[in-house]
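Data block for query_10.tsv (TSV, C-alpha atoms):
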chain	number	residue	atom	x	y	z
N	29	MET	CA	137.36	97.26	106.36
N	30	LYS	CA	135.05	100.26	106.18
N	31	LYS	CA	134.94	100.02	102.38
N	32	ILE	CA	133.86	96.36	102.57
N	33	PHE	CA	131.14	97.30	105.05
N	34	TYR	CA	129.87	99.96	102.64
N	35	ILE	CA	129.66	97.41	99.83
N	36	LEU	CA	127.68	94.96	101.96
N	37	ALA	CA	125.43	97.78	103.10
N	38	ALA	CA	124.81	98.77	99.48
N	39	LEU	CA	123.78	95.25	98.55
N	40	THR	CA	121.43	95.05	101.52
N	41	ILE	CA	119.85	98.42	100.78
N	42	PHE	CA	119.49	97.56	97.09
N	43	ALA	CA	117.42	94.53	98.03
N	44	SER	CA	115.07	96.56	100.23
N	45	CYS	CA	114.62	99.85	98.35
N	46	GLU	CA	111.10	100.52	97.14
N	47	LYS	CA	110.02	102.72	94.24
N	48	GLU	CA	106.95	104.10	96.02
N	49	ILE	CA	104.95	103.54	99.15
N	50	ASP	CA	102.19	101.12	98.16
N	51	LEU	CA	99.12	100.79	100.39
N	52	ASP	CA	96.89	98.92	97.93
N	53	TYR	CA	95.58	95.37	98.26
N	54	ASN	CA	93.91	92.67	96.21
N	55	ASP	CA	90.19	91.92	96.53
N	56	ILE	CA	89.28	93.55	99.86
N	57	ASP	CA	86.78	96.23	100.78
N	58	PRO	CA	88.33	99.73	100.62
N	59	LEU	CA	90.09	100.79	103.80
N	60	PRO	CA	90.79	104.39	104.85
N	61	VAL	CA	94.37	105.54	104.24
N	62	ILE	CA	95.95	108.64	105.81
N	63	GLU	CA	99.42	109.85	104.82
N	64	GLY	CA	100.75	112.82	106.74
N	65	ILE	CA	104.04	114.69	107.11
N	66	LEU	CA	104.54	117.60	109.50
N	67	THR	CA	107.63	119.86	109.33
N	68	SER	CA	108.36	123.50	110.09
N	69	ASP	CA	108.53	124.18	106.34
N	70	LYS	CA	105.99	121.80	104.85
N	71	THR	CA	102.89	120.05	106.17
N	72	GLU	CA	100.74	117.80	103.98
N	73	VAL	CA	98.00	115.31	104.79
N	74	LYS	CA	96.14	113.15	102.28
N	75	PHE	CA	93.07	111.00	102.93
N	76	THR	CA	92.27	108.23	100.46
N	77	ARG	CA	90.94	104.70	100.39
N	78	THR	CA	92.71	101.57	99.23
N	79	ARG	CA	92.11	100.36	95.70
N	80	ASN	CA	92.46	96.99	94.09
N	81	MET	CA	96.04	96.51	92.89
N	82	ASN	CA	94.68	95.65	89.43
N	83	ASP	CA	93.22	99.17	89.20
N	84	SER	CA	95.76	101.39	87.44
N	85	VAL	CA	94.14	104.65	88.58
N	86	LYS	CA	95.47	106.06	91.86
N	87	SER	CA	92.88	107.40	94.30
N	88	PRO	CA	92.74	111.21	94.52
N	89	GLY	CA	92.81	112.92	97.90
N	90	LEU	CA	89.33	113.00	99.43
N	91	LYS	CA	87.72	115.85	101.36
N	92	CYS	CA	87.01	115.13	105.03
N	93	GLU	CA	84.90	116.76	107.73
N	94	SER	CA	88.03	118.18	109.41
N	95	VAL	CA	91.80	117.70	109.60
N	96	ARG	CA	93.97	119.29	112.26
N	97	ILE	CA	97.35	119.06	113.99
N	98	ILE	CA	97.35	119.23	117.79
N	99	ALA	CA	100.57	120.05	119.68
N	100	ASP	CA	101.23	118.54	123.11
N	101	ASP	CA	100.46	121.91	124.72
N	102	GLY	CA	96.92	121.68	123.33
N	103	THR	CA	97.40	124.16	120.49
N	104	ALA	CA	95.38	123.02	117.45
N	105	THR	CA	95.92	124.04	113.83
N	106	GLU	CA	93.19	123.44	111.26
N	107	LEU	CA	94.32	122.28	107.82
N	108	GLU	CA	92.55	123.32	104.64
N	109	PHE	CA	91.70	121.15	101.64
N	110	ASN	CA	93.58	122.08	98.45
N	111	SER	CA	92.66	121.40	94.83
N	112	ASP	CA	95.45	118.80	94.49
N	113	GLY	CA	93.84	116.63	97.18
N	114	PHE	CA	96.18	117.54	100.04
N	115	TYR	CA	95.36	119.23	103.33
N	116	ARG	CA	97.76	122.01	104.34
N	117	PRO	CA	97.84	124.74	107.03
N	118	THR	CA	97.46	128.38	106.00
N	119	LYS	CA	100.80	129.10	107.68
N	120	ASN	CA	103.71	126.93	108.76
N	121	ILE	CA	103.65	125.18	112.14
N	122	ASP	CA	106.68	125.62	114.41
N	123	VAL	CA	107.81	122.03	115.01
N	124	VAL	CA	109.98	121.53	118.11
N	125	PRO	CA	112.21	118.45	118.69
N	126	GLY	CA	111.31	116.46	121.78
N	127	HIS	CA	107.60	117.29	121.52
N	128	GLN	CA	104.67	115.21	120.36
N	129	TYR	CA	102.10	116.14	117.73
N	130	THR	CA	98.77	114.50	117.00
N	131	LEU	CA	97.12	114.29	113.59
N	132	GLU	CA	93.34	114.16	113.90
N	133	VAL	CA	91.13	113.37	110.91
N	134	LYS	CA	87.33	113.25	111.07
N	135	ASN	CA	85.34	111.64	108.28
N	136	ASP	CA	81.97	109.88	107.97
N	137	GLY	CA	81.34	110.26	111.69
N	138	LEU	CA	84.62	108.57	112.64
N	139	THR	CA	87.74	110.10	114.20
N	140	TYR	CA	91.23	108.88	113.32
N	141	THR	CA	94.28	109.90	115.37
N	142	ALA	CA	98.02	109.27	115.24
N	143	VAL	CA	100.81	110.63	117.45
N	144	SER	CA	104.38	111.34	116.36
N	145	THR	CA	107.40	112.41	118.41
N	146	VAL	CA	109.91	114.80	116.84
N	147	ASN	CA	113.54	113.68	117.06
N	148	GLU	CA	116.61	115.84	116.60
N	149	PRO	CA	117.58	115.86	112.90
N	150	VAL	CA	120.58	113.76	111.95
N	151	LYS	CA	123.83	115.33	110.80
N	152	THR	CA	125.27	113.95	107.58
N	153	THR	CA	128.23	114.11	105.26
N	154	GLU	CA	127.74	115.49	101.75
N	155	PRO	CA	126.09	112.76	99.62
N	156	GLU	CA	128.24	111.35	96.82
N	157	PHE	CA	127.91	108.83	94.00
N	158	VAL	CA	130.01	105.69	94.47
N	159	TRP	CA	130.22	102.37	92.65
N	160	ALA	CA	128.98	99.11	94.10
N	161	GLU	CA	131.95	96.88	93.41
N	162	PHE	CA	131.40	93.68	91.43
N	163	MET	CA	128.29	95.28	89.87
N	164	ASP	CA	128.95	97.41	86.80
N	165	TRP	CA	125.21	98.15	86.46
N	166	MET	CA	124.71	99.79	89.85
N	167	GLN	CA	125.88	102.99	91.48
N	168	CYS	CA	124.95	104.24	94.93
N	169	TRP	CA	124.10	107.65	96.33
N	170	GLN	CA	125.76	107.50	99.71
N	171	PHE	CA	126.21	109.62	102.83
N	172	ASP	CA	127.16	108.99	106.45
N	173	ILE	CA	125.29	109.80	109.65
N	174	ILE	CA	127.81	111.63	111.84
N	175	ASP	CA	128.09	113.13	115.34
N	176	ASN	CA	125.58	110.65	116.75
N	177	PRO	CA	126.33	108.98	120.13
N	178	ASP	CA	126.94	105.24	120.11
N	179	THR	CA	124.05	104.79	122.54
N	180	VAL	CA	121.47	106.65	120.41
N	181	THR	CA	119.48	104.92	117.65
N	182	LYS	CA	118.46	107.12	114.76
N	183	TYR	CA	115.66	106.26	112.34
N	184	VAL	CA	115.94	107.74	108.86
N	185	ARG	CA	113.73	107.74	105.79
N	186	VAL	CA	115.44	108.55	102.50
N	187	ASP	CA	113.60	109.48	99.28
N	188	ILE	CA	115.17	109.89	95.84
N	189	TRP	CA	113.35	111.97	93.23
N	190	ARG	CA	114.33	111.90	89.56
N	191	ASN	CA	113.06	114.61	87.22
N	192	GLY	CA	110.33	115.53	89.67
N	193	LYS	CA	109.02	111.99	90.22
N	194	ILE	CA	109.70	109.55	93.05
N	195	TYR	CA	112.49	107.14	92.10
N	196	ALA	CA	113.00	105.12	95.29
N	197	TRP	CA	112.61	105.29	99.06
N	198	ASN	CA	114.05	103.38	101.96
N	199	ILE	CA	114.27	103.40	105.75
N	200	ILE	CA	117.57	103.00	107.61
N	201	SER	CA	118.42	102.80	111.31
N	202	GLY	CA	121.60	102.63	113.35
N	203	LYS	CA	123.48	103.69	116.44
N	204	GLY	CA	126.46	106.03	116.45
N	205	GLU	CA	127.87	106.90	113.05
N	206	PHE	CA	126.73	104.72	110.15
N	207	PRO	CA	126.43	104.81	106.32
N	208	CYS	CA	123.21	105.31	104.37
N	209	THR	CA	123.25	103.98	100.83
N	210	MET	CA	120.60	104.30	98.11
N	211	SER	CA	120.97	102.25	94.95
N	212	LEU	CA	120.76	103.61	91.40
N	213	TYR	CA	120.49	101.59	88.20
N	214	TYR	CA	123.44	102.74	86.13
N	215	ASP	CA	122.77	100.17	83.43
N	216	SER	CA	121.27	96.69	83.28
N	217	ASP	CA	120.18	94.01	80.85
N	218	MET	CA	117.65	92.73	83.37
N	219	GLU	CA	114.05	92.75	82.18
N	220	MET	CA	111.87	95.66	83.40
N	221	ASP	CA	114.86	97.67	84.63
N	222	GLU	CA	114.88	100.32	81.90
N	223	GLU	CA	112.62	102.78	83.74
N	224	MET	CA	114.97	102.64	86.75
N	225	ILE	CA	118.17	103.47	84.83
N	226	VAL	CA	119.52	106.93	85.67
N	227	TYR	CA	120.67	108.88	82.63
N	228	ASP	CA	123.14	111.67	82.08
N	229	GLY	CA	121.45	115.01	82.76
N	230	ASP	CA	118.70	113.64	85.02
N	231	GLN	CA	117.68	116.07	87.78
N	232	MET	CA	118.24	114.21	91.06
N	233	ARG	CA	116.97	115.15	94.52
N	234	LEU	CA	117.82	113.34	97.76
N	235	GLU	CA	115.56	113.93	100.79
N	236	ILE	CA	116.62	112.86	104.29
N	237	MET	CA	113.99	112.66	107.05
N	238	THR	CA	114.63	111.86	110.71
N	239	ILE	CA	111.56	109.87	111.78
N	240	ASP	CA	110.35	108.27	115.01
N	241	TYR	CA	110.35	104.56	115.75
N	242	GLU	CA	106.62	104.11	115.14
N	243	THR	CA	106.87	105.48	111.61
N	244	TYR	CA	110.02	103.44	110.97
N	245	ASN	CA	108.34	100.27	112.21
N	246	TYR	CA	105.27	100.85	110.02
N	247	LEU	CA	107.27	101.54	106.86
N	248	TYR	CA	109.50	98.55	107.62
N	249	GLY	CA	106.41	96.36	107.70
N	250	LEU	CA	105.40	97.61	104.25
N	251	GLN	CA	108.71	96.42	102.86
N	252	ILE	CA	108.31	92.85	104.11
N	253	ASP	CA	106.24	90.54	101.92
N	254	ASN	CA	103.09	89.16	103.53
N	255	MET	CA	103.56	91.24	106.67
N	256	ASN	CA	100.84	93.56	107.92
N	257	PRO	CA	102.47	96.57	109.62
N	258	THR	CA	101.24	97.58	113.05
N	259	PRO	CA	98.68	100.37	112.46
N	260	ILE	CA	99.74	103.85	113.53
N	261	PHE	CA	96.25	105.33	113.41
N	262	LYS	CA	93.57	104.64	115.99
N	263	CYS	CA	89.89	104.93	115.08
N	264	SER	CA	87.00	105.92	117.32
N	265	ASN	CA	85.44	102.65	116.15
N	266	PRO	CA	87.91	99.91	117.19
N	267	ASP	CA	86.55	97.60	114.49
N	268	VAL	CA	87.75	99.95	111.73
N	269	THR	CA	91.33	99.58	110.45
N	270	CYS	CA	93.06	102.67	109.10
N	271	LEU	CA	96.26	102.36	107.09
N	272	GLY	CA	98.94	104.98	106.57
N	273	TYR	CA	101.48	106.95	108.58
N	274	PHE	CA	102.01	110.30	110.26
N	275	SER	CA	105.54	111.56	110.76
N	276	ALA	CA	106.48	114.81	112.51
N	277	MET	CA	110.01	116.14	112.06
N	278	LYS	CA	111.86	119.44	112.32
N	279	ASN	CA	112.71	119.59	108.63
N	280	ILE	CA	113.53	117.64	105.50
N	281	GLN	CA	117.18	117.81	104.47
N	282	ALA	CA	117.42	118.02	100.69
N	283	PHE	CA	120.31	117.74	98.23
N	284	GLU	CA	119.89	118.41	94.51
N	285	THR	CA	122.24	117.74	91.62
N	286	VAL	CA	122.36	116.96	87.90
N	287	TYR	CA	123.51	113.39	87.33
N	288	ASN	CA	126.67	113.01	85.28
N	289	LYS	CA	127.04	109.50	83.95
N	290	THR	CA	130.61	108.25	84.19
N	291	PRO	CA	132.05	104.87	83.10
N	292	HIS	CA	132.59	102.07	85.59
N	293	PRO	CA	136.21	102.18	86.79
Could you quickly redo this structure as C-alpha cells?
Amino acid sequence: MKKIFYILAALTIFASCEKEIDLDYNDIDPLPVIEGILTSDKTEVKFTRTRNMNDSVKSPGLKCESVRIIADDGTATELEFNSDGFYRPTKNIDVVPGHQYTLEVKNDGLTYTAVSTVNEPVKTTEPEFVWAEFMDWMQCWQFDIIDNPDTVTKYVRVDIWRNGKIYAWNIISGKGEFPCTMSLYYDSDMEMDEEMIVYDGDQMRLEIMTIDYETYNYLYGLQIDNMNPTPIFKCSNPDVTCLGYFSAMKNIQAFETVYNKTPHP
C-alpha cells in the first residue's frame, strides 16, 4: 500500500514541480521584487523589479538605500551589497527556531518589510533514486520526513540543482511522517523535454528547506495558473504592491551525488 501511495505522490509532484521561481508578468508596470533567505550559514537578499515575460534578460540585483535583518529581540544586522547583486551580512546570523525575523528593505523613500518564523528543521531519510512505475521516462529523487508528530504540519521547499544550475523546485506539506518526491526526466520523446533529461555523470544537489506557512502559501500561489499569491511584503505606501518572499530557517539540508543512469527495470 505504501508503494502505491509513493507512485501517486510522484505523479502529483511531477505535475506541480517548477524549473525556477518566476515572478515576471506580461504588459504591466514594473513591480518591486524582494527574494530573501536567512539561515545560520547563508543569508542572501536580492531586490529587483519585474520584467515583461517576453524580455529574455533577467533583471540584475539592484542597490537599495538599506537592507537589514531584525531579530525579535530588536537586534538589527545590516546587509551589504555585493558585486553579484545580492545583499549579505559581513558575518553569519545565529538563527534560532521558534523566533521571528524581519527583513526590512528601504528604497526610493519606501520601506518594505516581511516577517518569517523559524521552524524546527525536518528529519529525513537518505534520498534515493526510484522509478515511477508505468513511466519508463521518469525517475524520482525521493526521501521521507520522519520523527514528526501526527499533529504537526511541516512545510518543506525542495530544490534540485544540476551541474550548478537550478533544475526544479517544489513545495510539500504534511503531518506526521510523509514522502517527498521530486521528478527527474530519465528519457522522453516529448517535445521540449531534452533540457530536462538527466544524464549519466551529471552533478546533482538536493536542498531541503523547512519553511513557514506564509512562505509555503506564497510559493503555492505561484504554482497555480492565474492565481495571485497573497503578498508577504508590506510597504509603507499601502498602494504599492511588492512581490517576492522572505524565508528564515535554521539551515539548508543538502545532499550531493553524481547521477548514474541505469536502465528501467
Distance in Å - atom CA of N:Thr67 versus atom CA of N:Thr269: 26.0 Å
Write out, as JSON lines, each residue of stretch 138-221 of chain N that has an atom at most 7 Å from stretch 125-130 of chain N, together with the closest pair of atoms and their distance in Å to one decimal, counting all atoms listed in the file, rows going by chain and rising number.
{"residue": "N:Thr141", "atom": "CA", "partner": "N:Thr130", "partner_atom": "CA", "distance": 6.6}
{"residue": "N:Ala142", "atom": "CA", "partner": "N:Thr130", "partner_atom": "CA", "distance": 5.6}
{"residue": "N:Val143", "atom": "CA", "partner": "N:Thr130", "partner_atom": "CA", "distance": 4.4}
{"residue": "N:Ser144", "atom": "CA", "partner": "N:Tyr129", "partner_atom": "CA", "distance": 5.5}
{"residue": "N:Thr145", "atom": "CA", "partner": "N:Gln128", "partner_atom": "CA", "distance": 4.4}
{"residue": "N:Val146", "atom": "CA", "partner": "N:Pro125", "partner_atom": "CA", "distance": 4.7}
{"residue": "N:Asn147", "atom": "CA", "partner": "N:Pro125", "partner_atom": "CA", "distance": 5.2}
{"residue": "N:Glu148", "atom": "CA", "partner": "N:Pro125", "partner_atom": "CA", "distance": 5.5}
Two-atom distance - atom CA of N:Asn279, atom CA of N:Pro149 (Å):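 Straight-line distance from atom CA of N:Asn279 to atom CA of N:Pro149 works out to 7.5 Å.
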Separation of atom CA of N:Tyr183 from atom CA of N:Asp100 in Å: 21.8 Å
Which of N:Val73, N:Ile260, N:Leu59, N:Met163 sits closest to N:Arg116 [using only C-alpha atoms]: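 When distances to N:Arg116 are compared using only C-alpha atoms, the smallest one comes from N:Val73.
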Residue neighbourhood N:Cys208, 6 Å, all atoms listed in the file, exclusion window fewer than 3 positions, as an NGL selection string: :N and (170-172)
Distance query N:Asp112 at most 12 Å, only C-alpha atoms, self and fewer than 4 positions along chain excluded, as a ChimeraX atom specification: /N:72-75,87-91,108,116
Counting all atoms listed in the file, the residue of N:Tyr287, N:Trp197, N:Phe157, N:Trp165 that sits nearest N:Tyr214: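 Among the listed residues, the smallest separation from N:Tyr214 belongs to N:Trp165.
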